[in-house]
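Below is upload23.cif, holding mmCIF, C-alpha atoms.
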```
data_start
#
loop_
_atom_site.label_atom_id
_atom_site.label_comp_id
_atom_site.auth_asym_id
_atom_site.auth_seq_id
_atom_site.Cartn_x
_atom_site.Cartn_y
_atom_site.Cartn_z
CA ASP A 1487 -8.55 -1.75 -15.83
CA THR A 1488 -7.23 -1.40 -12.30
CA GLU A 1489 -5.21 1.76 -12.68
CA VAL A 1490 -4.54 4.70 -10.44
CA THR A 1491 -2.54 7.44 -12.16
CA GLN A 1492 -0.41 9.91 -10.26
CA THR A 1493 1.34 13.06 -11.46
CA PRO A 1494 4.02 14.21 -11.29
CA LYS A 1495 6.26 11.19 -10.76
CA HIS A 1496 8.97 13.41 -9.29
CA LEU A 1497 8.72 16.81 -7.64
CA VAL A 1498 11.40 18.98 -6.08
CA MET A 1499 10.17 21.97 -4.13
CA GLY A 1500 11.54 24.59 -1.80
CA MET A 1501 10.23 25.08 1.68
CA THR A 1502 8.36 28.23 0.68
CA ASN A 1503 6.79 26.80 -2.47
CA LYS A 1504 3.21 25.76 -3.08
CA LYS A 1505 2.72 22.67 -5.22
CA SER A 1506 0.15 19.94 -5.76
CA LEU A 1507 0.16 16.21 -6.33
CA LYS A 1508 -2.61 14.81 -8.49
CA CYS A 1509 -4.28 11.42 -8.62
CA GLU A 1510 -6.90 10.05 -10.99
CA GLN A 1511 -8.80 6.78 -11.25
CA HIS A 1512 -11.48 5.68 -13.72
CA MET A 1513 -12.61 2.51 -11.99
CA GLY A 1514 -15.73 4.09 -10.52
CA HIS A 1515 -14.26 3.82 -7.04
CA ARG A 1516 -15.80 6.02 -4.39
CA ALA A 1517 -13.04 5.83 -1.78
CA MET A 1518 -9.65 7.40 -2.34
CA TYR A 1519 -6.60 7.53 -0.12
CA TRP A 1520 -3.28 9.27 0.36
CA TYR A 1521 -0.42 7.33 1.90
CA LYS A 1522 3.09 8.54 2.73
CA GLN A 1523 6.05 6.20 2.50
CA LYS A 1524 9.51 6.96 3.80
CA ALA A 1525 12.51 4.99 2.57
CA LYS A 1526 12.63 1.40 3.81
CA LYS A 1527 9.32 1.83 5.66
CA PRO A 1528 5.77 0.67 4.99
CA PRO A 1529 3.17 3.14 3.72
CA GLU A 1530 1.37 5.19 6.35
CA LEU A 1531 -2.18 6.39 5.87
CA MET A 1532 -2.68 10.15 5.68
CA PHE A 1533 -6.23 10.75 4.42
CA VAL A 1534 -9.31 8.85 3.32
CA TYR A 1535 -12.03 10.32 1.12
CA SER A 1536 -15.37 8.63 0.79
CA TYR A 1537 -17.87 9.89 -1.77
CA GLU A 1538 -15.80 13.07 -2.16
CA LYS A 1539 -15.94 13.83 1.55
CA LEU A 1540 -12.98 13.65 3.93
CA SER A 1541 -13.51 10.60 6.10
CA ILE A 1542 -10.19 10.20 7.88
CA ASN A 1543 -7.36 12.61 8.63
CA GLU A 1544 -4.62 10.74 10.48
CA SER A 1545 -3.46 13.84 12.35
CA VAL A 1546 -1.60 15.11 9.31
CA PRO A 1547 -0.02 18.61 9.61
CA SER A 1548 -1.99 21.38 7.94
CA ARG A 1549 0.80 22.02 5.47
CA PHE A 1550 -0.73 19.04 3.65
CA SER A 1551 -4.19 19.87 2.32
CA PRO A 1552 -6.20 17.23 0.45
CA GLU A 1553 -8.94 17.98 -2.03
CA CYS A 1554 -11.36 15.74 -3.88
CA PRO A 1555 -12.89 17.78 -6.74
CA ASN A 1556 -14.93 14.84 -8.04
CA SER A 1557 -15.19 11.09 -7.73
CA SER A 1558 -12.26 10.46 -10.07
CA LEU A 1559 -9.76 13.00 -8.84
CA LEU A 1560 -7.79 13.47 -5.66
CA ASN A 1561 -5.27 16.24 -5.05
CA LEU A 1562 -2.77 16.85 -2.31
CA HIS A 1563 -1.82 20.51 -1.93
CA LEU A 1564 1.58 21.16 -0.41
CA HIS A 1565 2.67 24.39 1.25
CA ALA A 1566 5.57 25.31 3.52
CA LEU A 1567 6.86 21.77 3.70
CA GLN A 1568 9.90 20.66 5.65
CA PRO A 1569 12.81 18.54 4.41
CA GLU A 1570 11.53 15.64 6.54
CA ASP A 1571 8.40 15.60 4.38
CA SER A 1572 10.48 14.22 1.53
CA ALA A 1573 8.97 10.82 0.73
CA LEU A 1574 7.02 8.77 -1.77
CA TYR A 1575 3.36 9.80 -1.76
CA LEU A 1576 1.00 7.07 -2.83
CA CYS A 1577 -2.56 7.52 -3.95
CA ALA A 1578 -4.95 4.59 -3.77
CA SER A 1579 -8.60 3.82 -4.36
CA SER A 1580 -11.20 1.18 -3.54
CA GLN A 1581 -14.80 0.48 -4.44
CA ASP A 1582 -15.96 2.28 -1.33
CA ARG A 1583 -14.81 2.68 2.24
CA ASN A 1584 -16.56 -0.46 3.43
CA SER A 1585 -14.65 -3.45 4.61
CA GLY A 1586 -13.38 -6.10 2.30
CA ASN A 1587 -12.60 -3.99 -0.71
CA THR A 1588 -9.29 -4.27 -2.44
CA ILE A 1589 -7.24 -1.09 -2.31
CA TYR A 1590 -5.37 -0.33 -5.53
CA PHE A 1591 -2.29 1.86 -5.50
CA GLY A 1592 -0.74 4.21 -7.98
CA GLU A 1593 2.96 4.34 -8.83
CA GLY A 1594 3.52 7.21 -6.44
CA SER A 1595 4.97 10.71 -6.57
CA TRP A 1596 8.50 11.15 -5.27
CA LEU A 1597 8.71 14.42 -3.35
CA THR A 1598 11.96 16.09 -2.39
CA VAL A 1599 11.82 19.20 -0.22
CA VAL A 1600 14.97 21.33 -0.33
CA ALA B 848 -5.22 -3.07 18.29
CA GLN B 849 -4.63 -4.50 14.85
CA SER B 850 -1.04 -5.18 13.86
CA VAL B 851 0.97 -7.07 11.29
CA THR B 852 4.41 -8.56 11.86
CA GLN B 853 6.84 -9.60 9.18
CA PRO B 854 9.69 -11.14 11.16
CA ASP B 855 12.21 -11.23 8.32
CA ILE B 856 13.69 -7.90 7.23
CA HIS B 857 15.74 -9.48 4.43
CA ILE B 858 15.63 -12.85 2.74
CA THR B 859 18.08 -14.06 0.10
CA VAL B 860 17.28 -17.03 -2.10
CA SER B 861 18.87 -18.50 -5.18
CA GLU B 862 17.06 -18.24 -8.47
CA GLY B 863 14.93 -21.33 -8.95
CA ALA B 864 14.69 -22.03 -5.22
CA SER B 865 11.44 -21.98 -3.31
CA LEU B 866 10.38 -19.02 -1.21
CA GLU B 867 8.31 -18.48 1.90
CA LEU B 868 7.75 -15.04 3.42
CA ARG B 869 6.21 -14.96 6.86
CA CYS B 870 3.38 -12.77 8.06
CA ASN B 871 1.61 -12.82 11.42
CA TYR B 872 -1.31 -10.63 12.30
CA SER B 873 -3.17 -9.55 15.37
CA TYR B 874 -6.86 -8.86 14.81
CA GLY B 875 -9.98 -9.44 16.84
CA ALA B 876 -12.21 -10.65 14.04
CA THR B 877 -11.86 -12.48 10.75
CA PRO B 878 -9.26 -10.44 8.94
CA TYR B 879 -9.01 -9.32 5.37
CA LEU B 880 -5.41 -10.08 4.39
CA PHE B 881 -3.29 -8.90 1.51
CA TRP B 882 0.17 -9.27 0.06
CA TYR B 883 1.58 -6.40 -1.98
CA VAL B 884 4.88 -6.20 -3.84
CA GLN B 885 6.89 -3.05 -4.42
CA SER B 886 9.74 -2.96 -6.91
CA PRO B 887 12.39 -0.27 -6.39
CA GLY B 888 11.01 3.17 -7.13
CA GLN B 889 7.54 1.85 -7.87
CA GLY B 890 4.12 1.81 -6.28
CA LEU B 891 2.48 -1.20 -4.65
CA GLN B 892 1.06 -4.02 -6.73
CA LEU B 893 -1.47 -6.43 -5.26
CA LEU B 894 -0.27 -10.03 -5.38
CA LEU B 895 -3.21 -11.73 -3.70
CA LYS B 896 -5.85 -11.33 -1.04
CA TYR B 897 -7.83 -13.42 1.44
CA PHE B 898 -11.34 -12.47 2.44
CA SER B 899 -13.04 -15.78 3.22
CA GLY B 900 -13.47 -19.33 1.98
CA ASP B 901 -10.60 -21.46 0.75
CA THR B 902 -7.60 -20.77 2.97
CA LEU B 903 -5.12 -21.31 0.14
CA VAL B 904 -5.28 -18.40 -2.25
CA GLN B 905 -3.58 -18.07 -5.59
CA GLY B 906 -2.20 -14.80 -6.83
CA ILE B 907 -0.38 -13.32 -9.75
CA LYS B 908 3.16 -14.18 -10.83
CA GLY B 909 2.91 -17.72 -9.44
CA PHE B 910 2.51 -16.68 -5.80
CA GLU B 911 0.19 -18.30 -3.29
CA ALA B 912 -0.55 -17.74 0.37
CA GLU B 913 -2.17 -19.80 3.08
CA PHE B 914 -4.35 -18.40 5.83
CA LYS B 915 -3.94 -20.28 9.11
CA ARG B 916 -6.31 -18.96 11.74
CA SER B 917 -4.83 -21.07 14.53
CA GLN B 918 -1.40 -19.54 13.94
CA SER B 919 -2.64 -16.05 12.97
CA SER B 920 -0.47 -16.34 9.89
CA PHE B 921 -0.72 -15.60 6.19
CA ASN B 922 2.56 -16.74 4.68
CA LEU B 923 3.43 -16.10 1.06
CA ARG B 924 5.02 -18.84 -1.03
CA LYS B 925 6.41 -19.39 -4.47
CA PRO B 926 7.82 -22.72 -5.67
CA SER B 927 10.52 -21.30 -7.93
CA VAL B 928 11.83 -17.76 -7.62
CA HIS B 929 12.83 -15.69 -10.65
CA TRP B 930 15.37 -12.86 -10.59
CA SER B 931 12.55 -10.43 -11.36
CA ASP B 932 10.91 -11.30 -8.03
CA ALA B 933 13.54 -9.26 -6.18
CA ALA B 934 11.51 -6.54 -4.46
CA GLU B 935 9.97 -5.47 -1.16
CA TYR B 936 6.99 -7.48 -0.02
CA PHE B 937 4.35 -6.11 2.33
CA CYS B 938 1.72 -8.04 4.19
CA ALA B 939 -1.32 -6.01 5.21
CA VAL B 940 -4.54 -6.45 7.14
CA GLY B 941 -7.70 -4.61 6.23
CA ALA B 942 -8.84 -2.87 9.37
CA ARG B 943 -12.50 -2.18 9.88
CA GLY B 944 -13.66 0.93 11.62
CA SER B 945 -15.19 4.24 10.67
CA SER B 946 -13.45 3.79 7.39
CA TYR B 947 -11.60 0.95 5.89
CA LYS B 948 -7.83 1.15 5.79
CA LEU B 949 -4.80 -1.05 5.42
CA ILE B 950 -2.34 -1.72 8.21
CA PHE B 951 0.99 -2.81 6.80
CA GLY B 952 3.76 -4.93 8.15
CA SER B 953 7.27 -3.52 8.05
CA GLY B 954 8.09 -5.37 4.84
CA THR B 955 10.53 -8.08 3.76
CA ARG B 956 13.16 -7.34 1.16
CA LEU B 957 13.76 -10.27 -1.15
CA LEU B 958 17.14 -10.61 -2.79
CA VAL B 959 17.62 -13.21 -5.52
CA ARG B 960 21.03 -14.78 -5.99
CA PRO B 961 21.87 -15.76 -9.61
#
```
Represent the structure contained in this file as structure tokens.
Amino acid sequence: DTEVTQTPKHLVMGMTNKKSLKCEQHMGHRAMYWYKQKAKKPPELMFVYSYEKLSINESVPSRFSPECPNSSLLNLHLHALQPEDSALYLCASSQDRNSGNTIYFGEGSWLTVV
Amino acid sequence: AQSVTQPDIHITVSEGASLELRCNYSYGATPYLFWYVQSPGQGLQLLLKYFSGDTLVQGIKGFEAEFKRSQSSFNLRKPSVHWSDAAEYFCAVGARGSSYKLIFGSGTRLLVRP
């Protein structure tokens, strides 16, 4: 079962709201990722977690705050977002952060900031 | 620096015709190469991957790709396209570093003519 589950599928939030995106995988993977994808663009890496520790932060603004409560879960906390943050947010996972592992993606969460 | 180029933004083929999507990469070592497909409003699904060995790799949905080191290419092919193949296709290289991540090409949108 190569499944990464993301909730919610759609989220509309105001610029002063606080919300969270959630991601879950039960493949025993120890690396998890957040990607951001704008319309008609490829996904861009935001964060990498390895063994529940933040491994990479691609200079993402602090209004995005990732959290990895355990090896199966990955959250992305959102606060004081801007309309330009509206995008598809993709969670992904792989066996570990070492080279050569296949990265599996979820269906994504569509975020609209109003 | 690692990079991936997909020279075709759009490709239109007739249903039943053959398909080739181009991908060129720039990478200093032996690359890990992937093709993902994204249907409208969906996440990314892995079609196939190349890590080592046989340079012709078979994937799901009847797709195959050939790794050509001399041309730094990893083109995706399908002998007979179905209407359901209409989607965005992304080529990606697995970049090695402090953590493993994917670098995507800009994508090719495939349109299928009835």
Result set, the PyMOL selection byres ((chain B) within 9 of (chain A)) on current file, as an mmCIF file with C-alpha atoms, in the frame of the given file:
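What follows is the written file selection.cif:
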```cif
data_model
loop_
_atom_site.group_PDB
_atom_site.id
_atom_site.type_symbol
_atom_site.label_atom_id
_atom_site.label_comp_id
_atom_site.auth_asym_id
_atom_site.auth_seq_id
_atom_site.Cartn_x
_atom_site.Cartn_y
_atom_site.Cartn_z
ATOM 1 C CA PRO B 878 -9.260 -10.440 8.940
ATOM 2 C CA TYR B 879 -9.010 -9.320 5.370
ATOM 3 C CA PHE B 881 -3.290 -8.900 1.510
ATOM 4 C CA GLY B 888 11.010 3.170 -7.130
ATOM 5 C CA GLN B 889 7.540 1.850 -7.870
ATOM 6 C CA GLY B 890 4.120 1.810 -6.280
ATOM 7 C CA LEU B 891 2.480 -1.200 -4.650
ATOM 8 C CA GLN B 892 1.060 -4.020 -6.730
ATOM 9 C CA LEU B 893 -1.470 -6.430 -5.260
ATOM 10 C CA LYS B 896 -5.850 -11.330 -1.040
ATOM 11 C CA PHE B 898 -11.340 -12.470 2.440
ATOM 12 C CA GLU B 935 9.970 -5.470 -1.160
ATOM 13 C CA PHE B 937 4.350 -6.110 2.330
ATOM 14 C CA GLY B 941 -7.700 -4.610 6.230
ATOM 15 C CA ALA B 942 -8.840 -2.870 9.370
ATOM 16 C CA ARG B 943 -12.500 -2.180 9.880
ATOM 17 C CA GLY B 944 -13.660 0.930 11.620
ATOM 18 C CA SER B 945 -15.190 4.240 10.670
ATOM 19 C CA SER B 946 -13.450 3.790 7.390
ATOM 20 C CA TYR B 947 -11.600 0.950 5.890
ATOM 21 C CA LYS B 948 -7.830 1.150 5.790
ATOM 22 C CA LEU B 949 -4.800 -1.050 5.420
ATOM 23 C CA ILE B 950 -2.340 -1.720 8.210
ATOM 24 C CA PHE B 951 0.990 -2.810 6.800
ATOM 25 C CA GLY B 952 3.760 -4.930 8.150
ATOM 26 C CA SER B 953 7.270 -3.520 8.050
ATOM 27 C CA GLY B 954 8.090 -5.370 4.840
#
```
Using only C-alpha atoms, which protein or nucleic acid residues come within 8 Å of stretch 1543-1556 of chain A? Drop anything in the same chain fewer than 4 positions from it, and give the result as a list in words. Leu1531, Met1532, Phe1533, Val1534, Tyr1535, Glu1538, Lys1539, Leu1560, Asn1561, Leu1562, His1563, Leu1564, His1565, Ala1566 and Leu1567 of chain A
Once the PyMOL selection byres ((chain B and resi 913-930) around 6) has been applied to the shown file, what residues remain in the selection, as a list in words?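 Output of the PyMOL selection byres ((chain B and resi 913-930) around 6): Glu862, Gly863, Ala864, Ser865, Leu866, Glu867, Leu868, Arg869, Cys870, Asn871, Tyr872, Thr902, Leu903, Phe910, Glu911, Ala912, Ser931, Asp932, Ala933 and Val959 of chain B.
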Interatomic distance (Å, one decimal) between atom CA of A:Met1518 and atom CA of B:Gly900: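 Between these atoms lies a distance of 27.3 Å.
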Separation of atom CA of A:Ser1558 from atom CA of B:Ala939 in Å: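 Separation of atom CA of B:Ala939 and atom CA of A:Ser1558: 25.0 Å.
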Kindly complete stretch 937-956 of chain B to N, CA and C atoms; the output should be written as a PDB file, in the frame of the given file.
```pdb
ATOM      1  N   PHE B 937       5.100  -6.579   1.161  1.00  0.00           N
ATOM      2  CA  PHE B 937       4.350  -6.110   2.330  1.00  0.00           C
ATOM      3  C   PHE B 937       3.109  -6.957   2.536  1.00  0.00           C
ATOM      4  N   CYS B 938       2.951  -7.411   3.755  1.00  0.00           N
ATOM      5  CA  CYS B 938       1.720  -8.040   4.190  1.00  0.00           C
ATOM      6  C   CYS B 938       0.852  -6.960   4.822  1.00  0.00           C
ATOM      7  N   ALA B 939      -0.449  -7.034   4.639  1.00  0.00           N
ATOM      8  CA  ALA B 939      -1.320  -6.010   5.210  1.00  0.00           C
ATOM      9  C   ALA B 939      -2.634  -6.633   5.654  1.00  0.00           C
ATOM     10  N   VAL B 940      -3.209  -6.040   6.678  1.00  0.00           N
ATOM     11  CA  VAL B 940      -4.540  -6.450   7.140  1.00  0.00           C
ATOM     12  C   VAL B 940      -5.495  -5.293   6.903  1.00  0.00           C
ATOM     13  N   GLY B 941      -6.684  -5.613   6.434  1.00  0.00           N
ATOM     14  CA  GLY B 941      -7.700  -4.610   6.230  1.00  0.00           C
ATOM     15  C   GLY B 941      -8.437  -4.368   7.528  1.00  0.00           C
ATOM     16  N   ALA B 942      -8.275  -3.179   8.061  1.00  0.00           N
ATOM     17  CA  ALA B 942      -8.840  -2.870   9.370  1.00  0.00           C
ATOM     18  C   ALA B 942     -10.198  -2.216   9.202  1.00  0.00           C
ATOM     19  N   ARG B 943     -11.152  -2.725   9.950  1.00  0.00           N
ATOM     20  CA  ARG B 943     -12.500  -2.180   9.880  1.00  0.00           C
ATOM     21  C   ARG B 943     -12.686  -1.145  10.970  1.00  0.00           C
ATOM     22  N   GLY B 944     -13.411  -0.122  10.641  1.00  0.00           N
ATOM     23  CA  GLY B 944     -13.660   0.930  11.620  1.00  0.00           C
ATOM     24  C   GLY B 944     -14.572   1.937  10.976  1.00  0.00           C
ATOM     25  N   SER B 945     -14.358   3.210  11.290  1.00  0.00           N
ATOM     26  CA  SER B 945     -15.190   4.240  10.670  1.00  0.00           C
ATOM     27  C   SER B 945     -14.952   4.282   9.174  1.00  0.00           C
ATOM     28  N   SER B 946     -13.771   3.983   8.799  1.00  0.00           N
ATOM     29  CA  SER B 946     -13.450   3.790   7.390  1.00  0.00           C
ATOM     30  C   SER B 946     -12.451   2.659   7.278  1.00  0.00           C
ATOM     31  N   TYR B 947     -12.425   2.118   6.142  1.00  0.00           N
ATOM     32  CA  TYR B 947     -11.600   0.950   5.890  1.00  0.00           C
ATOM     33  C   TYR B 947     -10.197   1.403   5.535  1.00  0.00           C
ATOM     34  N   LYS B 948      -9.187   0.791   6.141  1.00  0.00           N
ATOM     35  CA  LYS B 948      -7.830   1.150   5.790  1.00  0.00           C
ATOM     36  C   LYS B 948      -6.933  -0.064   5.942  1.00  0.00           C
ATOM     37  N   LEU B 949      -5.768   0.021   5.342  1.00  0.00           N
ATOM     38  CA  LEU B 949      -4.800  -1.050   5.420  1.00  0.00           C
ATOM     39  C   LEU B 949      -3.777  -0.768   6.506  1.00  0.00           C
ATOM     40  N   ILE B 950      -3.453  -1.790   7.259  1.00  0.00           N
ATOM     41  CA  ILE B 950      -2.340  -1.720   8.210  1.00  0.00           C
ATOM     42  C   ILE B 950      -1.262  -2.643   7.683  1.00  0.00           C
ATOM     43  N   PHE B 951      -0.098  -2.072   7.441  1.00  0.00           N
ATOM     44  CA  PHE B 951       0.990  -2.810   6.800  1.00  0.00           C
ATOM     45  C   PHE B 951       1.973  -3.358   7.816  1.00  0.00           C
ATOM     46  N   GLY B 952       2.573  -4.497   7.453  1.00  0.00           N
ATOM     47  CA  GLY B 952       3.760  -4.930   8.150  1.00  0.00           C
ATOM     48  C   GLY B 952       4.945  -4.091   7.697  1.00  0.00           C
ATOM     49  N   SER B 953       6.086  -4.335   8.321  1.00  0.00           N
ATOM     50  CA  SER B 953       7.270  -3.520   8.050  1.00  0.00           C
ATOM     51  C   SER B 953       7.960  -3.903   6.750  1.00  0.00           C
ATOM     52  N   GLY B 954       7.536  -4.988   6.133  1.00  0.00           N
ATOM     53  CA  GLY B 954       8.090  -5.370   4.840  1.00  0.00           C
ATOM     54  C   GLY B 954       9.232  -6.357   4.947  1.00  0.00           C
ATOM     55  N   THR B 955       9.387  -7.160   3.895  1.00  0.00           N
ATOM     56  CA  THR B 955      10.530  -8.080   3.760  1.00  0.00           C
ATOM     57  C   THR B 955      11.159  -7.829   2.399  1.00  0.00           C
ATOM     58  N   ARG B 956      12.456  -7.557   2.420  1.00  0.00           N
ATOM     59  CA  ARG B 956      13.160  -7.340   1.160  1.00  0.00           C
ATOM     60  C   ARG B 956      13.702  -8.660   0.662  1.00  0.00           C
TER      61      ARG B 956
END
```
